[in-house]
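The structure under discussion appears below in the form of structure tokens.
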Amino acid sequence: QVQFVESGGGLVQPGGSLRLSCAASGFTLDYYAIGWFRQAPGKEREGVSCISRSAGSTDYADSVKGRFTISRDNAKNTVYLQMNSLKPEDTADYYCAILRRPFCGSNWSNYYGLDYWGKGTLVTVSE
């Protein structure tokens with residue numbers, strides 16, 4: 001079965017950190033750029049970060065720049081999102097997806113070729 005499984009979410013206080021993981025099964029990540037996305041209740045899905053096939057290029061939403069770091073381990077077929085200095089507005093379900101190309105590009109968050117969405121992991125930032 002082809003799927004992503006996200007994990008690592010939870011409840012954290014403002015200023016805290018979490019590390020999300022996105023593990024692929026049934027396919028290899030090697031050929032694809034990977035994106036992290038999030039959706040808060042009542043809001044549209046938002047692109048958070050993207051990493052190219054070789055990890056040589058990354059991109060971040062302005063709202064998370066300097067606080068979040070995306071990385072990947074192709075040998076483990078896994079992509080990570082290190083989230084530091086978390087804010088209440090970071091509260092959302094976080095998902096990962098492949099881009100059906102090896103690079104992110106400027107339109108990665110709205111790319112029509114997003115695929116293999118996982119079920120997400122919930123991040124709640126609250127006192």
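Naming scheme: A, B, ... for chains in displayed order of the structure tokens; residues 1 onward per chain; ligands 1 onward as shown.
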Report task. Could you give me, as number ranges by chain, the residues within 10 Å of Ser17 in chain A, counting only C-alpha atoms and dropping anything in the same chain fewer than 3 positions from it? Result -> A: 12-14, 20, 67-68, 82-87, 125
For the residues in the current selection, export N, CA, C and O atoms as a short mmCIF file (atom, residue, chain, number, x, y, z; two decimals), in the first residue's frame.
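Heads up, here's the output in again_20.cif:
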```cif
data_model
loop_
_atom_site.label_atom_id
_atom_site.label_comp_id
_atom_site.auth_asym_id
_atom_site.auth_seq_id
_atom_site.Cartn_x
_atom_site.Cartn_y
_atom_site.Cartn_z
N VAL A 12 1.92 21.21 22.94
CA VAL A 12 3.15 21.86 23.39
C VAL A 12 2.83 23.30 23.77
O VAL A 12 1.94 23.92 23.20
N GLN A 13 3.58 23.82 24.71
CA GLN A 13 3.39 25.21 25.13
C GLN A 13 4.04 26.16 24.13
O GLN A 13 4.98 25.78 23.42
N PRO A 14 3.55 27.38 24.07
CA PRO A 14 4.19 28.39 23.20
C PRO A 14 5.68 28.48 23.53
O PRO A 14 6.07 28.47 24.71
N LEU A 20 8.35 16.59 13.69
CA LEU A 20 7.42 15.74 12.96
C LEU A 20 8.19 14.84 12.00
O LEU A 20 9.22 15.23 11.45
N ARG A 67 12.16 29.44 12.08
CA ARG A 67 11.70 28.63 13.21
C ARG A 67 11.60 27.14 12.86
O ARG A 67 11.84 26.29 13.72
N PHE A 68 11.27 26.84 11.62
CA PHE A 68 11.11 25.45 11.18
C PHE A 68 12.25 25.05 10.27
O PHE A 68 12.77 25.88 9.51
N GLN A 82 11.44 19.92 11.83
CA GLN A 82 11.79 20.38 13.17
C GLN A 82 11.13 21.74 13.37
O GLN A 82 11.38 22.68 12.59
N MET A 83 10.31 21.84 14.39
CA MET A 83 9.56 23.06 14.64
C MET A 83 9.98 23.63 16.00
O MET A 83 9.78 22.98 17.03
N ASN A 84 10.56 24.81 15.98
CA ASN A 84 11.00 25.48 17.20
C ASN A 84 10.23 26.77 17.40
O ASN A 84 9.59 27.27 16.47
N SER A 85 10.29 27.31 18.60
CA SER A 85 9.62 28.57 18.92
C SER A 85 8.17 28.56 18.46
O SER A 85 7.68 29.50 17.82
N LEU A 86 7.48 27.50 18.80
CA LEU A 86 6.10 27.33 18.33
C LEU A 86 5.19 28.40 18.90
O LEU A 86 5.35 28.86 20.04
N LYS A 87 4.22 28.77 18.09
CA LYS A 87 3.25 29.80 18.45
C LYS A 87 1.83 29.20 18.38
O LYS A 87 1.61 28.23 17.65
N VAL A 125 -0.63 24.09 19.96
CA VAL A 125 0.26 24.97 20.73
C VAL A 125 -0.61 25.80 21.66
O VAL A 125 -1.36 26.68 21.20
#
```
**Report entry** Exercise: range 103-111 of chain A partners within 12 Å, only C-alpha atoms, chain neighbours under 6 positions left out, as a PyMOL selection string
**Finding:** chain A and resi 30-38+44-61+96-97
Report task. Tell me, as a ChimeraX atom specification, which residues lie within 6 Å of Thr91 in chain A, counting only C-alpha atoms; anything in the same chain fewer than 3 positions away does not count. Result -> /A:88,123-125
Every residue of range 62-110 of chain A that DSSP places in strand (DSSP E or B), as a PDB file with N, CA and C atoms, in the first residue's frame:
```pdb
ATOM      1  N   PHE A  68      11.275  26.836  11.620  1.00  0.00           N
ATOM      2  CA  PHE A  68      11.106  25.446  11.184  1.00  0.00           C
ATOM      3  C   PHE A  68      12.252  25.053  10.266  1.00  0.00           C
ATOM      4  N   THR A  69      12.622  23.775  10.337  1.00  0.00           N
ATOM      5  CA  THR A  69      13.659  23.237   9.457  1.00  0.00           C
ATOM      6  C   THR A  69      13.196  21.902   8.889  1.00  0.00           C
ATOM      7  N   ILE A  70      13.208  21.799   7.570  1.00  0.00           N
ATOM      8  CA  ILE A  70      12.840  20.551   6.908  1.00  0.00           C
ATOM      9  C   ILE A  70      14.104  19.776   6.556  1.00  0.00           C
ATOM     10  N   SER A  71      14.043  18.466   6.653  1.00  0.00           N
ATOM     11  CA  SER A  71      15.168  17.619   6.279  1.00  0.00           C
ATOM     12  C   SER A  71      14.627  16.279   5.793  1.00  0.00           C
ATOM     13  N   ARG A  72      15.506  15.501   5.192  1.00  0.00           N
ATOM     14  CA  ARG A  72      15.075  14.193   4.722  1.00  0.00           C
ATOM     15  C   ARG A  72      16.203  13.183   4.855  1.00  0.00           C
ATOM     16  N   ASP A  73      15.821  11.931   5.018  1.00  0.00           N
ATOM     17  CA  ASP A  73      16.766  10.823   5.057  1.00  0.00           C
ATOM     18  C   ASP A  73      16.246   9.793   4.063  1.00  0.00           C
ATOM     19  N   THR A  78      12.186   8.810   4.843  1.00  0.00           N
ATOM     20  CA  THR A  78      11.488   9.652   5.811  1.00  0.00           C
ATOM     21  C   THR A  78      11.891  11.117   5.628  1.00  0.00           C
ATOM     22  N   VAL A  79      10.909  11.982   5.838  1.00  0.00           N
ATOM     23  CA  VAL A  79      11.133  13.425   5.835  1.00  0.00           C
ATOM     24  C   VAL A  79      10.753  13.959   7.219  1.00  0.00           C
ATOM     25  N   TYR A  80      11.471  14.974   7.667  1.00  0.00           N
ATOM     26  CA  TYR A  80      11.274  15.517   9.006  1.00  0.00           C
ATOM     27  C   TYR A  80      10.943  17.006   8.935  1.00  0.00           C
ATOM     28  N   LEU A  81      10.278  17.489   9.982  1.00  0.00           N
ATOM     29  CA  LEU A  81      10.038  18.913  10.137  1.00  0.00           C
ATOM     30  C   LEU A  81      10.318  19.257  11.598  1.00  0.00           C
ATOM     31  N   GLN A  82      11.444  19.917  11.829  1.00  0.00           N
ATOM     32  CA  GLN A  82      11.786  20.385  13.168  1.00  0.00           C
ATOM     33  C   GLN A  82      11.133  21.736  13.366  1.00  0.00           C
ATOM     34  N   MET A  83      10.315  21.840  14.391  1.00  0.00           N
ATOM     35  CA  MET A  83       9.559  23.065  14.642  1.00  0.00           C
ATOM     36  C   MET A  83       9.983  23.628  15.996  1.00  0.00           C
ATOM     37  N   ALA A  92      -2.478  23.186  14.075  1.00  0.00           N
ATOM     38  CA  ALA A  92      -3.073  22.682  12.832  1.00  0.00           C
ATOM     39  C   ALA A  92      -2.804  21.193  12.711  1.00  0.00           C
ATOM     40  N   ASP A  93      -3.487  20.582  11.760  1.00  0.00           N
ATOM     41  CA  ASP A  93      -3.106  19.247  11.302  1.00  0.00           C
ATOM     42  C   ASP A  93      -2.002  19.413  10.268  1.00  0.00           C
ATOM     43  N   TYR A  94      -0.950  18.636  10.415  1.00  0.00           N
ATOM     44  CA  TYR A  94       0.202  18.723   9.520  1.00  0.00           C
ATOM     45  C   TYR A  94       0.265  17.470   8.650  1.00  0.00           C
ATOM     46  N   TYR A  95       0.451  17.691   7.358  1.00  0.00           N
ATOM     47  CA  TYR A  95       0.465  16.607   6.374  1.00  0.00           C
ATOM     48  C   TYR A  95       1.720  16.714   5.507  1.00  0.00           C
ATOM     49  N   CYS A  96       2.098  15.591   4.929  1.00  0.00           N
ATOM     50  CA  CYS A  96       3.131  15.639   3.906  1.00  0.00           C
ATOM     51  C   CYS A  96       2.608  15.036   2.606  1.00  0.00           C
ATOM     52  N   ALA A  97       3.245  15.400   1.531  1.00  0.00           N
ATOM     53  CA  ALA A  97       2.856  14.922   0.211  1.00  0.00           C
ATOM     54  C   ALA A  97       4.058  14.990  -0.707  1.00  0.00           C
ATOM     55  N   ILE A  98       4.068  14.150  -1.735  1.00  0.00           N
ATOM     56  CA  ILE A  98       5.126  14.262  -2.731  1.00  0.00           C
ATOM     57  C   ILE A  98       4.712  15.295  -3.767  1.00  0.00           C
ATOM     58  N   LEU A  99       5.711  15.905  -4.357  1.00  0.00           N
ATOM     59  CA  LEU A  99       5.515  16.652  -5.592  1.00  0.00           C
ATOM     60  C   LEU A  99       6.005  15.728  -6.706  1.00  0.00           C
TER      61      LEU A  99
END
```
Query raised in the report: In chain A, what's helix (DSSP H, G or I) per DSSP? Answer as an MDAnalysis selection string?
Result: chainID A and resid 29:31 74:76 88:90 108:110
Requested in this report: Rank A:Ser63, A:Ser21, A:Gln1, A:Thr28 by their smallest atom-to-atom distance to Gly120 in chain A, using only C-alpha atoms, and report the top residue only.
Outcome: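 Closest to Gly120 in chain A, using only C-alpha atoms: A:Ser21.
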Query raised in the report: Which residue gives the smallest distance to Phe27 in chain A among A:Val64, A:Val2, A:Gly118, A:Gln39, with only C-alpha atoms counted?
Result: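 That would be A:Val2, the residue with the smallest distance to Phe27 in chain A.
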Query raised in the report: For the atom pair CA of Gly42 in chain A and CA of Asp90 in chain A, what is the interatomic distance in Å to one decimal place?
Result: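 Taking CA of Gly42 in chain A and CA of Asp90 in chain A, their separation equals 13.8 Å.
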